[in-house]
Every structure is written in C-alpha cells, then in structure tokens.
file start10.pdb (PDB, C-alpha atoms and all ligand atoms)
ATOM      1  CA  MET T   1       0.000   0.000   0.000  1.00  0.00           C
ATOM      2  CA  LYS T   2       2.802   2.335   0.930  1.00  0.00           C
ATOM      3  CA  ASP T   3       4.586   1.657  -2.362  1.00  0.00           C
ATOM      4  CA  ARG T   4       1.456   2.190  -4.363  1.00  0.00           C
ATOM      5  CA  LEU T   5       0.741   5.513  -2.699  1.00  0.00           C
ATOM      6  CA  PHE T   6       4.333   6.538  -3.302  1.00  0.00           C
ATOM      7  CA  ILE T   7       4.045   5.689  -6.991  1.00  0.00           C
ATOM      8  CA  TYR T   8       0.754   7.545  -7.251  1.00  0.00           C
ATOM      9  CA  GLY T   9       2.468  10.468  -5.556  1.00  0.00           C
ATOM     10  CA  ILE T  10       5.275  10.463  -8.105  1.00  0.00           C
ATOM     11  CA  LEU T  11       2.864  10.079 -11.010  1.00  0.00           C
ATOM     12  CA  GLY T  12       0.602  12.787  -9.583  1.00  0.00           C
ATOM     13  CA  CYS T  13       3.471  15.175  -9.125  1.00  0.00           C
ATOM     14  CA  ILE T  14       4.950  14.412 -12.558  1.00  0.00           C
ATOM     15  CA  PHE T  15       1.527  14.955 -14.071  1.00  0.00           C
ATOM     16  CA  LEU T  16       1.168  18.274 -12.252  1.00  0.00           C
ATOM     17  CA  GLY T  17       4.575  19.264 -13.492  1.00  0.00           C
ATOM     18  CA  LEU T  18       3.669  18.411 -17.091  1.00  0.00           C
ATOM     19  CA  SER T  19       0.302  20.118 -16.863  1.00  0.00           C
ATOM     20  CA  ALA T  20       2.069  23.305 -15.839  1.00  0.00           C
ATOM     21  CA  LYS T  21       3.690  23.596 -19.301  1.00  0.00           C
ATOM     22  CA  PRO T  22       4.649  25.767 -21.105  1.00  0.00           C
ATOM     23  CA  VAL T  23       5.658  27.982 -18.174  1.00  0.00           C
ATOM     24  CA  SER T  24       8.089  25.379 -16.932  1.00  0.00           C
ATOM     25  CA  VAL T  25       8.262  21.648 -16.550  1.00  0.00           C
ATOM     26  CA  TYR T  26       7.665  21.954 -12.836  1.00  0.00           C
ATOM     27  CA  SER T  27       6.132  25.313 -12.061  1.00  0.00           C
ATOM     28  CA  GLU T  28       6.796  26.697  -8.628  1.00  0.00           C
ATOM     29  CA  GLU T  29       4.134  29.279  -9.288  1.00  0.00           C
ATOM     30  CA  ARG T  30       1.161  26.995  -8.873  1.00  0.00           C
ATOM     31  CA  PHE T  31      -0.422  26.685  -5.475  1.00  0.00           C
ATOM     32  CA  ARG T  32      -0.916  23.079  -4.416  1.00  0.00           C
ATOM     33  CA  ILE T  33      -3.653  21.882  -2.080  1.00  0.00           C
ATOM     34  CA  VAL T  34      -3.919  18.356  -0.739  1.00  0.00           C
ATOM     35  CA  LEU T  35      -7.466  17.422   0.243  1.00  0.00           C
ATOM     36  CA  ASP T  36      -7.625  14.444   2.559  1.00  0.00           C
ATOM     37  CA  ALA T  37     -10.850  12.446   2.822  1.00  0.00           C
ATOM     38  CA  GLY T  38     -10.625  10.936   6.312  1.00  0.00           C
ATOM     39  CA  HIS T  39     -10.690   7.128   6.854  1.00  0.00           C
ATOM     40  CA  GLY T  40     -11.438   4.624   4.042  1.00  0.00           C
ATOM     41  CA  GLY T  41     -11.343   0.902   3.300  1.00  0.00           C
ATOM     42  CA  ARG T  42     -11.357  -1.216   6.465  1.00  0.00           C
ATOM     43  CA  ASP T  43     -11.419   1.978   8.545  1.00  0.00           C
ATOM     44  CA  GLN T  44     -14.960   3.239   8.260  1.00  0.00           C
ATOM     45  CA  GLY T  45     -14.555   6.021  10.833  1.00  0.00           C
ATOM     46  CA  ALA T  46     -17.678   7.027  12.720  1.00  0.00           C
ATOM     47  CA  ALA T  47     -20.868   5.193  11.807  1.00  0.00           C
ATOM     48  CA  GLY T  48     -24.338   6.642  11.823  1.00  0.00           C
ATOM     49  CA  ARG T  49     -27.596   4.789  11.376  1.00  0.00           C
ATOM     50  CA  LYS T  50     -27.404   4.970   7.616  1.00  0.00           C
ATOM     51  CA  ILE T  51     -24.025   6.279   6.569  1.00  0.00           C
ATOM     52  CA  GLN T  52     -20.360   5.898   7.417  1.00  0.00           C
ATOM     53  CA  GLU T  53     -17.854   8.676   7.915  1.00  0.00           C
ATOM     54  CA  LYS T  54     -15.471   7.392   5.213  1.00  0.00           C
ATOM     55  CA  GLU T  55     -18.192   7.798   2.606  1.00  0.00           C
ATOM     56  CA  VAL T  56     -19.204  11.325   3.701  1.00  0.00           C
ATOM     57  CA  THR T  57     -15.604  12.558   3.780  1.00  0.00           C
ATOM     58  CA  LEU T  58     -14.846  11.200   0.286  1.00  0.00           C
ATOM     59  CA  LYS T  59     -17.943  12.779  -1.262  1.00  0.00           C
ATOM     60  CA  ILE T  60     -17.220  16.173   0.297  1.00  0.00           C
ATOM     61  CA  ALA T  61     -13.508  16.061  -0.588  1.00  0.00           C
ATOM     62  CA  GLN T  62     -14.281  15.165  -4.219  1.00  0.00           C
ATOM     63  CA  ARG T  63     -16.867  17.913  -4.505  1.00  0.00           C
ATOM     64  CA  ALA T  64     -14.638  20.528  -2.837  1.00  0.00           C
ATOM     65  CA  ALA T  65     -11.814  19.529  -5.219  1.00  0.00           C
ATOM     66  CA  LYS T  66     -14.149  20.079  -8.160  1.00  0.00           C
ATOM     67  CA  TYR T  67     -15.195  23.530  -6.950  1.00  0.00           C
ATOM     68  CA  ILE T  68     -11.622  24.619  -6.316  1.00  0.00           C
ATOM     69  CA  LYS T  69     -10.308  23.268  -9.636  1.00  0.00           C
ATOM     70  CA  ARG T  70     -13.082  24.841 -11.671  1.00  0.00           C
ATOM     71  CA  ARG T  71     -13.230  28.191  -9.962  1.00  0.00           C
ATOM     72  CA  THR T  72      -9.712  29.164  -8.994  1.00  0.00           C
ATOM     73  CA  ARG T  73      -6.690  29.856 -11.179  1.00  0.00           C
ATOM     74  CA  GLY T  74      -3.186  28.613 -10.641  1.00  0.00           C
ATOM     75  CA  VAL T  75      -4.244  26.018  -8.098  1.00  0.00           C
ATOM     76  CA  ASP T  76      -3.722  22.265  -8.220  1.00  0.00           C
ATOM     77  CA  VAL T  77      -5.799  20.028  -5.991  1.00  0.00           C
ATOM     78  CA  ILE T  78      -4.657  16.534  -5.118  1.00  0.00           C
ATOM     79  CA  LEU T  79      -6.745  14.014  -3.185  1.00  0.00           C
ATOM     80  CA  THR T  80      -5.060  11.560  -0.828  1.00  0.00           C
ATOM     81  CA  ARG T  81      -7.688   9.058  -1.890  1.00  0.00           C
ATOM     82  CA  ASN T  82     -10.287   9.101  -4.640  1.00  0.00           C
ATOM     83  CA  ARG T  83     -12.007   5.845  -3.747  1.00  0.00           C
ATOM     84  CA  ASP T  84     -12.785   3.604  -0.811  1.00  0.00           C
ATOM     85  CA  GLU T  85      -9.312   2.486   0.291  1.00  0.00           C
ATOM     86  CA  PHE T  86      -7.351   2.361   3.516  1.00  0.00           C
ATOM     87  CA  ILE T  87      -4.478   4.818   3.896  1.00  0.00           C
ATOM     88  CA  SER T  88      -2.612   5.282   7.172  1.00  0.00           C
ATOM     89  CA  LEU T  89      -2.348   8.682   8.850  1.00  0.00           C
ATOM     90  CA  ASN T  90       1.402   8.824   8.245  1.00  0.00           C
ATOM     91  CA  GLU T  91       0.995   8.024   4.568  1.00  0.00           C
ATOM     92  CA  ARG T  92      -1.454  10.909   4.225  1.00  0.00           C
ATOM     93  CA  ALA T  93       0.947  13.379   5.801  1.00  0.00           C
ATOM     94  CA  ASN T  94       3.960  11.976   3.910  1.00  0.00           C
ATOM     95  CA  PHE T  95       2.056  12.262   0.664  1.00  0.00           C
ATOM     96  CA  ALA T  96       1.319  15.964   1.273  1.00  0.00           C
ATOM     97  CA  ASN T  97       4.969  16.575   2.191  1.00  0.00           C
ATOM     98  CA  PHE T  98       6.187  14.661  -0.847  1.00  0.00           C
ATOM     99  CA  CYS T  99       3.954  16.721  -3.144  1.00  0.00           C
ATOM    100  CA  GLN T 100       5.259  19.887  -1.466  1.00  0.00           C
ATOM    101  CA  ALA T 101       1.701  21.009  -0.864  1.00  0.00           C
ATOM    102  CA  ASP T 102       1.070  24.595   0.178  1.00  0.00           C
ATOM    103  CA  LEU T 103      -2.035  23.669   2.120  1.00  0.00           C
ATOM    104  CA  PHE T 104      -3.461  20.496   3.654  1.00  0.00           C
ATOM    105  CA  ILE T 105      -7.121  20.021   4.541  1.00  0.00           C
ATOM    106  CA  SER T 106      -8.287  16.832   6.199  1.00  0.00           C
ATOM    107  CA  ILE T 107     -12.041  16.253   6.151  1.00  0.00           C
ATOM    108  CA  HIS T 108     -13.828  14.302   8.884  1.00  0.00           C
ATOM    109  CA  ALA T 109     -17.257  13.826  10.434  1.00  0.00           C
ATOM    110  CA  ASN T 110     -17.778  13.791  14.166  1.00  0.00           C
ATOM    111  CA  SER T 111     -19.397  11.371  16.590  1.00  0.00           C
ATOM    112  CA  ALA T 112     -20.445  11.668  20.234  1.00  0.00           C
ATOM    113  CA  ARG T 113     -22.176   9.463  22.795  1.00  0.00           C
ATOM    114  CA  GLY T 114     -24.571  12.139  23.967  1.00  0.00           C
ATOM    115  CA  TYR T 115     -26.298  14.856  21.997  1.00  0.00           C
ATOM    116  CA  ALA T 116     -23.882  16.981  20.024  1.00  0.00           C
ATOM    117  CA  GLU T 117     -24.296  19.208  17.035  1.00  0.00           C
ATOM    118  CA  GLY T 118     -22.222  21.451  14.791  1.00  0.00           C
ATOM    119  CA  THR T 119     -18.940  21.866  12.992  1.00  0.00           C
ATOM    120  CA  GLU T 120     -15.421  22.478  14.289  1.00  0.00           C
ATOM    121  CA  THR T 121     -11.992  22.831  12.742  1.00  0.00           C
ATOM    122  CA  PHE T 122      -8.700  21.833  14.342  1.00  0.00           C
ATOM    123  CA  VAL T 123      -5.178  23.205  14.095  1.00  0.00           C
ATOM    124  CA  TRP T 124      -2.078  21.619  15.624  1.00  0.00           C
ATOM    125  CA  ASN T 125      -1.696  22.427  19.320  1.00  0.00           C
ATOM    126  CA  LYS T 126       2.092  22.229  19.600  1.00  0.00           C
ATOM    127  CA  ARG T 127       3.074  25.087  17.378  1.00  0.00           C
ATOM    128  CA  HIS T 128       1.009  28.079  16.388  1.00  0.00           C
ATOM    129  CA  ASN T 129       0.836  28.492  12.638  1.00  0.00           C
ATOM    130  CA  PRO T 130      -1.032  31.707  11.843  1.00  0.00           C
ATOM    131  CA  TRP T 131      -1.946  30.431   8.371  1.00  0.00           C
ATOM    132  CA  SER T 132      -3.475  27.219   9.638  1.00  0.00           C
ATOM    133  CA  PHE T 133      -5.408  29.280  12.123  1.00  0.00           C
ATOM    134  CA  LYS T 134      -6.523  31.712   9.457  1.00  0.00           C
ATOM    135  CA  LEU T 135      -7.896  28.960   7.219  1.00  0.00           C
ATOM    136  CA  ALA T 136      -9.601  27.246  10.157  1.00  0.00           C
ATOM    137  CA  ARG T 137     -11.364  30.480  11.067  1.00  0.00           C
ATOM    138  CA  LEU T 138     -12.449  31.061   7.464  1.00  0.00           C
ATOM    139  CA  ILE T 139     -13.860  27.534   7.204  1.00  0.00           C
ATOM    140  CA  GLN T 140     -15.835  27.944  10.424  1.00  0.00           C
ATOM    141  CA  LYS T 141     -17.131  31.321   9.297  1.00  0.00           C
ATOM    142  CA  GLU T 142     -18.355  29.775   6.038  1.00  0.00           C
ATOM    143  CA  TYR T 143     -20.048  26.821   7.739  1.00  0.00           C
ATOM    144  CA  THR T 144     -21.815  29.207  10.090  1.00  0.00           C
ATOM    145  CA  GLU T 145     -22.803  32.046   7.804  1.00  0.00           C
ATOM    146  CA  ARG T 146     -23.307  30.302   4.483  1.00  0.00           C
ATOM    147  CA  GLY T 147     -24.063  26.798   5.676  1.00  0.00           C
ATOM    148  CA  LYS T 148     -26.141  27.804   8.724  1.00  0.00           C
ATOM    149  CA  ARG T 149     -24.395  25.113  10.764  1.00  0.00           C
ATOM    150  CA  LYS T 150     -23.850  25.399  14.482  1.00  0.00           C
ATOM    151  CA  ASN T 151     -20.369  26.756  15.182  1.00  0.00           C
ATOM    152  CA  ARG T 152     -18.246  24.847  17.707  1.00  0.00           C
ATOM    153  CA  GLY T 153     -15.258  26.970  16.777  1.00  0.00           C
ATOM    154  CA  VAL T 154     -11.585  26.537  16.007  1.00  0.00           C
ATOM    155  CA  LYS T 155      -9.842  24.070  18.305  1.00  0.00           C
ATOM    156  CA  LYS T 156      -6.375  22.726  18.887  1.00  0.00           C
ATOM    157  CA  ALA T 157      -5.323  19.084  18.937  1.00  0.00           C
ATOM    158  CA  ASN T 158      -2.270  16.901  18.466  1.00  0.00           C
ATOM    159  CA  PHE T 159      -3.631  14.949  15.487  1.00  0.00           C
ATOM    160  CA  ALA T 160      -1.049  13.007  13.441  1.00  0.00           C
ATOM    161  CA  VAL T 161      -1.968  14.589  10.108  1.00  0.00           C
ATOM    162  CA  LEU T 162      -1.547  18.064  11.634  1.00  0.00           C
ATOM    163  CA  ARG T 163       1.643  17.135  13.467  1.00  0.00           C
ATOM    164  CA  ASN T 164       3.370  15.441  10.522  1.00  0.00           C
ATOM    165  CA  THR T 165       2.587  17.828   7.689  1.00  0.00           C
ATOM    166  CA  ASN T 166       5.109  20.548   6.790  1.00  0.00           C
ATOM    167  CA  MET T 167       2.612  23.113   5.519  1.00  0.00           C
ATOM    168  CA  PRO T 168      -0.366  25.022   6.963  1.00  0.00           C
ATOM    169  CA  ALA T 169      -2.835  22.274   7.837  1.00  0.00           C
ATOM    170  CA  VAL T 170      -6.318  21.926   9.286  1.00  0.00           C
ATOM    171  CA  LEU T 171      -8.629  19.059  10.153  1.00  0.00           C
ATOM    172  CA  THR T 172     -12.261  19.969   9.734  1.00  0.00           C
ATOM    173  CA  GLU T 173     -15.248  18.156  11.250  1.00  0.00           C
ATOM    174  CA  VAL T 174     -18.285  18.735   9.054  1.00  0.00           C
ATOM    175  CA  GLY T 175     -20.945  17.627  11.527  1.00  0.00           C
ATOM    176  CA  PHE T 176     -22.034  14.838  13.861  1.00  0.00           C
ATOM    177  CA  ILE T 177     -22.878  11.591  12.164  1.00  0.00           C
ATOM    178  CA  SER T 178     -24.207  10.409  15.542  1.00  0.00           C
ATOM    179  CA  ASN T 179     -26.874  13.110  15.465  1.00  0.00           C
ATOM    180  CA  ALA T 180     -29.853  11.941  13.371  1.00  0.00           C
ATOM    181  CA  LYS T 181     -30.616  15.420  12.086  1.00  0.00           C
ATOM    182  CA  GLU T 182     -27.027  16.081  11.044  1.00  0.00           C
ATOM    183  CA  GLU T 183     -26.639  12.586   9.634  1.00  0.00           C
ATOM    184  CA  LYS T 184     -29.563  13.318   7.345  1.00  0.00           C
ATOM    185  CA  TYR T 185     -27.850  16.525   6.227  1.00  0.00           C
ATOM    186  CA  LEU T 186     -24.524  14.732   5.667  1.00  0.00           C
ATOM    187  CA  LYS T 187     -26.307  12.015   3.705  1.00  0.00           C
ATOM    188  CA  SER T 188     -28.024  14.500   1.410  1.00  0.00           C
ATOM    189  CA  ARG T 189     -26.423  15.710  -1.792  1.00  0.00           C
ATOM    190  CA  LYS T 190     -27.512  19.227  -0.934  1.00  0.00           C
ATOM    191  CA  GLY T 191     -25.820  19.109   2.466  1.00  0.00           C
ATOM    192  CA  ARG T 192     -22.582  17.652   1.144  1.00  0.00           C
ATOM    193  CA  ARG T 193     -22.416  20.156  -1.676  1.00  0.00           C
ATOM    194  CA  LYS T 194     -23.054  23.029   0.675  1.00  0.00           C
ATOM    195  CA  LEU T 195     -20.257  21.933   3.007  1.00  0.00           C
ATOM    196  CA  ALA T 196     -17.887  21.419   0.062  1.00  0.00           C
ATOM    197  CA  TYR T 197     -18.810  24.852  -1.228  1.00  0.00           C
ATOM    198  CA  CYS T 198     -18.032  26.357   2.189  1.00  0.00           C
ATOM    199  CA  ILE T 199     -14.569  24.744   2.106  1.00  0.00           C
ATOM    200  CA  TYR T 200     -14.009  26.081  -1.405  1.00  0.00           C
ATOM    201  CA  GLN T 201     -15.088  29.595  -0.380  1.00  0.00           C
ATOM    202  CA  ALA T 202     -12.769  29.519   2.630  1.00  0.00           C
ATOM    203  CA  VAL T 203      -9.879  28.429   0.374  1.00  0.00           C
ATOM    204  CA  LYS T 204     -10.711  31.207  -2.064  1.00  0.00           C
ATOM    205  CA  GLN T 205     -10.577  33.823   0.695  1.00  0.00           C
ATOM    206  CA  TYR T 206      -7.395  32.275   2.076  1.00  0.00           C
ATOM    207  CA  LEU T 207      -5.734  32.571  -1.360  1.00  0.00           C
ATOM    208  CA  LYS T 208      -6.817  36.196  -1.531  1.00  0.00           C
ATOM    209  CA  THR T 209      -5.195  37.002   1.809  1.00  0.00           C
ATOM    210  CA  ILE T 210      -1.865  35.399   0.895  1.00  0.00           C
ATOM    211  CA  ASP T 211      -1.864  37.379  -2.355  1.00  0.00           C
ATOM    212  CA  GLU T 212      -2.144  40.669  -0.507  1.00  0.00           C
TER
HETATM  213 ZN    ZN F 301     -12.638  10.931  11.441  1.00  0.00          ZN
END
call {"tool": "encode", "arguments": {"input": "start10.pdb", "output": "structure tokens"}}
result
Amino acid sequence: MKDRLFIYGILGCIFLGLSAKPVSVYSEERFRIVLDAGHGGRDQGAAGRKIQEKEVTLKIAQRAAKYIKRRTRGVDVILTRNRDEFISLNERANFANFCQADLFISIHANSARGYAEGTETFVWNKRHNPWSFKLARLIQKEYTERGKRKNRGVKKANFAVLRNTNMPAVLTEVGFISNAKEEKYLKSRKGRRKLAYCIYQAVKQYLKTIDE
C-alpha cells in the first residue's frame, strides 16, 4: 500500500509538473492543495444509522476539489484518496509533504455518545501556525454564515496529520454523524455540496489574503 501511494504520488506530481507547461516543466508558481478524505477501506470512521464517515468525507472532498479546480486559477488540488481504500495517517501526511503542498485540509465527520451538534476545525496544538489558524477560522465562518451550521469553533489538537505535515494544515469536522438530524444533512447531496462549497469559499478567501 505504501509503495502504491508513493508511486501515485510520483505520477501525480509528474503529471502536475507536465500540466504546468509551457511555463516550466515543474512550475513553482502553482499553489498546491492536498485534500484528505478521512478514513477509508477497512477503517470506516464514525458510523451513523445509515451512513459511514469514510463515505461522507470522500464525497465532500471530491466535490470541494471540483469547486476549487473549476473556480480558482493557478491552483492544483490533489486528493489523498479518490475511492474507498485504507491509507494510514502517516501516509497521508507523507504524501502531502512529498507533493510539497502549500495547504493540507483533512475532512472528517464527528461522533459523540450524547447529543452533540455542529462543525469544528482543528489546528495543531504544539506550534502556532497563523496560516493554519486563518484557514480554520475562514472555514468555520463559512459553515456558520453560508451553511447555517452550528459553530463549535476553532480548536487545537495533536492529530497526526496536523503534526506530521510541513505546511499550513487543518482538520475539519463537518458535523455529527451520531446526530440523526445532522446525519440526514450529511447524507443529502444538498448538504454535502453546501459543506464542500463552504470549504471552497474559505480556500478562495485564504488565497486572496496570501496574495495581498
Ligand atoms: Zn474521522
């Protein structure tokens, strides 16, 4: 699995380099985003009554990638997985580092024993990266204002994908799969598209601020 991901990484990066022609074989100008659909394969993540986290995260990551690719210039989007397969946390982070990504966004859905509702976005707790924090705040603002989701805020955690990535990185929780109302939203095409659109909008605003 590790070898295959590595090969995909090389192929993906070679392809990106070629697609950047005729500016240069490997353009440094293009901004590279790695979108990481949490879980996959034998790791289903959180399970609701009708859906599994791995399926929600893949759908939202694919849709967000589409929005970003179609609507922003000079940006390449690479998915850590584009189908239902298991990839370890270290492989995800290594992949982003190998691709020299400028931004890493890991997408997850939440679960709780008791009643819980809303979205939250995490940054690494061991070192403050103002850019990670900026993107996390933009994502939460979008979920709240555009998506009308309950805001649980920006939080800090020592998650492996945040710890092991060399670029600004966030892990975003799009809602509680354990909450029947939110599960219904996460299961719906409308809900998934809205959340993906919020991520795209946050990325768009992030790109604007780094251009200034
Ligand atoms: Zn998860």
call {"tool": "resolve_selection", "arguments": {"input": "start10.pdb", "expression": "the PyMOL selection byres (((chain T and resi 65-75) around 8) and not hetatm)", "output": "list in words"}}
result
Glu29, Arg30, Phe31, Arg32, Ile33, Leu35, Ala61, Gln62, Arg63, Ala64, Asp76, Val77, Ile78, Leu79, Ala196, Tyr197, Tyr200, Val203 and Lys204 of chain T
call {"tool": "residues_around", "arguments": {"input": "start10.pdb", "residues": "Phe159 in chain T", "least_positions_apart": "3", "cutoff": "7 Å", "atoms": "all atoms listed in the file", "output": "PyMOL selection string"}}
result
chain T and resi 124+162-163
call {"tool": "resolve_selection", "arguments": {"input": "start10.pdb", "expression": "the PyMOL selection byres (((not hetatm)) within 6 of (chain F and resi 301))", "output": "PDB file with C-alpha atoms, in the coordinates of the input"}}
result
ATOM      1  CA  GLY T  38     -10.625  10.936   6.312  1.00  0.00           C
ATOM      2  CA  GLY T  45     -14.555   6.021  10.833  1.00  0.00           C
ATOM      3  CA  HIS T 108     -13.828  14.302   8.884  1.00  0.00           C
ATOM      4  CA  ALA T 109     -17.257  13.826  10.434  1.00  0.00           C
TER       5      ALA T 109
END
call {"tool": "closest_atom_pairs", "arguments": {"input": "start10.pdb", "of": "range 55-119 of chain T", "to": "range 141-150 of chain T", "cutoff": "8 Å", "atoms": "only C-alpha atoms", "output": "JSON lines"}}
result
{"residue": "T:Glu117", "atom": "CA", "partner": "T:Lys150", "partner_atom": "CA", "distance": 6.7}
{"residue": "T:Gly118", "atom": "CA", "partner": "T:Lys150", "partner_atom": "CA", "distance": 4.3}
{"residue": "T:Thr119", "atom": "CA", "partner": "T:Lys150", "partner_atom": "CA", "distance": 6.2}
call {"tool": "write_last_selection", "arguments": {"input": "start10.pdb", "atoms": "C-alpha atoms", "output": "tab-separated table (two decimals), keeping the file's coordinate frame"}}
result
chain	number	residue	atom	x	y	z
T	117	GLU	CA	-24.30	19.21	17.04
T	118	GLY	CA	-22.22	21.45	14.79
T	119	THR	CA	-18.94	21.87	12.99
call {"tool": "resolve_selection", "arguments": {"input": "start10.pdb", "expression": "the PyMOL selection byres (((chain T and resi 57) around 8) and not hetatm)", "output": "VMD selection string"}}
result
chain T and resid 37 to 39 53 to 56 58 to 61 107 to 109
call {"tool": "atom_distance", "arguments": {"input": "start10.pdb", "atom1": "CA of Ala169 in chain T", "atom2": "CA of Ser106 in chain T"}}
result
7.9 Å
call {"tool": "residues_around", "arguments": {"input": "start10.pdb", "residues": "range 86-88 of chain T", "least_positions_apart": "5", "cutoff": "8 Å", "atoms": "all atoms listed in the file", "output": "list in words"}}
result
Met1, His39, Gly40, Gly41, Arg42, Asp43 and Arg81 of chain T
call {"tool": "closest_residue", "arguments": {"input": "start10.pdb", "among": "T:Ala160, T:Ala96, T:Leu89, T:Leu103", "to": "Trp131 in chain T", "atoms": "only C-alpha atoms"}}
result
T:Leu103
call {"tool": "atom_distance", "arguments": {"input": "start10.pdb", "atom1": "CA of Ala93 in chain T", "atom2": "CA of Asn179 in chain T"}}
result
29.5 Å
call {"tool": "atom_distance", "arguments": {"input": "start10.pdb", "atom1": "CA of Lys184 in chain T", "atom2": "CA of Thr121 in chain T"}}
result
20.7 Å
call {"tool": "residues_near_point", "arguments": {"input": "start10.pdb", "point": "(-4.3, 31.2, 6.5)", "cutoff": "10 Å", "atoms": "only C-alpha atoms", "output": "NGL selection string"}}
result
:T and (103 or 129-138 or 168-170 or 202-203 or 205-210)
call {"tool": "residues_around", "arguments": {"input": "start10.pdb", "residues": "Gly48 in chain T", "least_positions_apart": "4", "cutoff": "9 Å", "atoms": "all atoms listed in the file", "output": "compact mmCIF listing (two decimals) with C-alpha atoms, in the frame of the given file"}}
result
# COMPACT_ATOMS: atom_id res chain seq x y z
CA GLN T 52 -20.36 5.90 7.42
CA GLU T 53 -17.85 8.68 7.92
CA SER T 111 -19.40 11.37 16.59
CA PHE T 176 -22.03 14.84 13.86
CA ILE T 177 -22.88 11.59 12.16
CA SER T 178 -24.21 10.41 15.54
CA ASN T 179 -26.87 13.11 15.46
CA ALA T 180 -29.85 11.94 13.37
CA GLU T 183 -26.64 12.59 9.63
call {"tool": "closest_residue", "arguments": {"input": "start10.pdb", "among": "T:Leu186, T:Ala46, T:Met167, T:Ala112", "to": "Phe95 in chain T", "atoms": "all atoms listed in the file"}}
result
T:Met167
call {"tool": "decode", "arguments": {"input": "start10.pdb", "residues": "range 85-108 of chain T", "atoms": "N, CA and C atoms", "output": "short mmCIF file (atom, residue, chain, number, x, y, z; two decimals), in the first residue's frame"}}
result
data_model
loop_
_atom_site.label_atom_id
_atom_site.label_comp_id
_atom_site.auth_asym_id
_atom_site.auth_seq_id
_atom_site.Cartn_x
_atom_site.Cartn_y
_atom_site.Cartn_z
N GLU T 85 -10.50 3.29 -0.03
CA GLU T 85 -9.31 2.49 0.29
C GLU T 85 -8.69 2.96 1.61
N PHE T 86 -7.99 2.03 2.25
CA PHE T 86 -7.35 2.36 3.52
C PHE T 86 -6.00 3.03 3.26
N ILE T 87 -5.78 4.13 3.93
CA ILE T 87 -4.48 4.82 3.90
C ILE T 87 -4.16 5.24 5.32
N SER T 88 -2.95 4.95 5.78
CA SER T 88 -2.61 5.28 7.17
C SER T 88 -2.43 6.79 7.33
N LEU T 89 -2.48 7.25 8.58
CA LEU T 89 -2.35 8.68 8.85
C LEU T 89 -0.99 9.20 8.40
N ASN T 90 0.06 8.40 8.65
CA ASN T 90 1.40 8.82 8.25
C ASN T 90 1.54 8.92 6.73
N GLU T 91 0.93 7.98 6.03
CA GLU T 91 0.99 8.02 4.57
C GLU T 91 0.33 9.29 4.02
N ARG T 92 -0.74 9.69 4.68
CA ARG T 92 -1.45 10.91 4.23
C ARG T 92 -0.56 12.13 4.37
N ALA T 93 0.07 12.23 5.54
CA ALA T 93 0.95 13.38 5.80
C ALA T 93 2.18 13.32 4.90
N ASN T 94 2.78 12.13 4.77
CA ASN T 94 3.96 11.98 3.91
C ASN T 94 3.66 12.36 2.47
N PHE T 95 2.49 11.97 2.03
CA PHE T 95 2.06 12.26 0.66
C PHE T 95 2.02 13.78 0.43
N ALA T 96 1.41 14.49 1.39
CA ALA T 96 1.32 15.96 1.27
C ALA T 96 2.72 16.58 1.28
N ASN T 97 3.60 16.06 2.13
CA ASN T 97 4.97 16.58 2.19
C ASN T 97 5.71 16.29 0.88
N PHE T 98 5.53 15.06 0.39
CA PHE T 98 6.19 14.66 -0.85
C PHE T 98 5.76 15.54 -2.02
N CYS T 99 4.48 15.87 -2.06
CA CYS T 99 3.95 16.72 -3.14
C CYS T 99 4.30 18.19 -2.93
N GLN T 100 4.94 18.50 -1.81
CA GLN T 100 5.26 19.89 -1.47
C GLN T 100 4.02 20.76 -1.52
N ALA T 101 2.96 20.27 -0.89
CA ALA T 101 1.70 21.01 -0.86
C ALA T 101 1.88 22.32 -0.11
N ASP T 102 1.07 23.30 -0.51
CA ASP T 102 1.07 24.60 0.18
C ASP T 102 0.00 24.63 1.26
N LEU T 103 -0.92 23.68 1.17
CA LEU T 103 -2.04 23.67 2.12
C LEU T 103 -2.56 22.24 2.22
N PHE T 104 -2.94 21.85 3.43
CA PHE T 104 -3.46 20.50 3.65
C PHE T 104 -4.78 20.60 4.42
N ILE T 105 -5.82 19.99 3.87
CA ILE T 105 -7.12 20.02 4.54
C ILE T 105 -7.64 18.60 4.69
N SER T 106 -7.77 18.17 5.93
CA SER T 106 -8.29 16.83 6.20
C SER T 106 -9.77 16.96 6.59
N ILE T 107 -10.60 16.14 5.95
CA ILE T 107 -12.04 16.25 6.15
C ILE T 107 -12.56 15.05 6.95
N HIS T 108 -13.29 15.35 8.01
CA HIS T 108 -13.83 14.30 8.88
C HIS T 108 -15.25 14.62 9.28
#
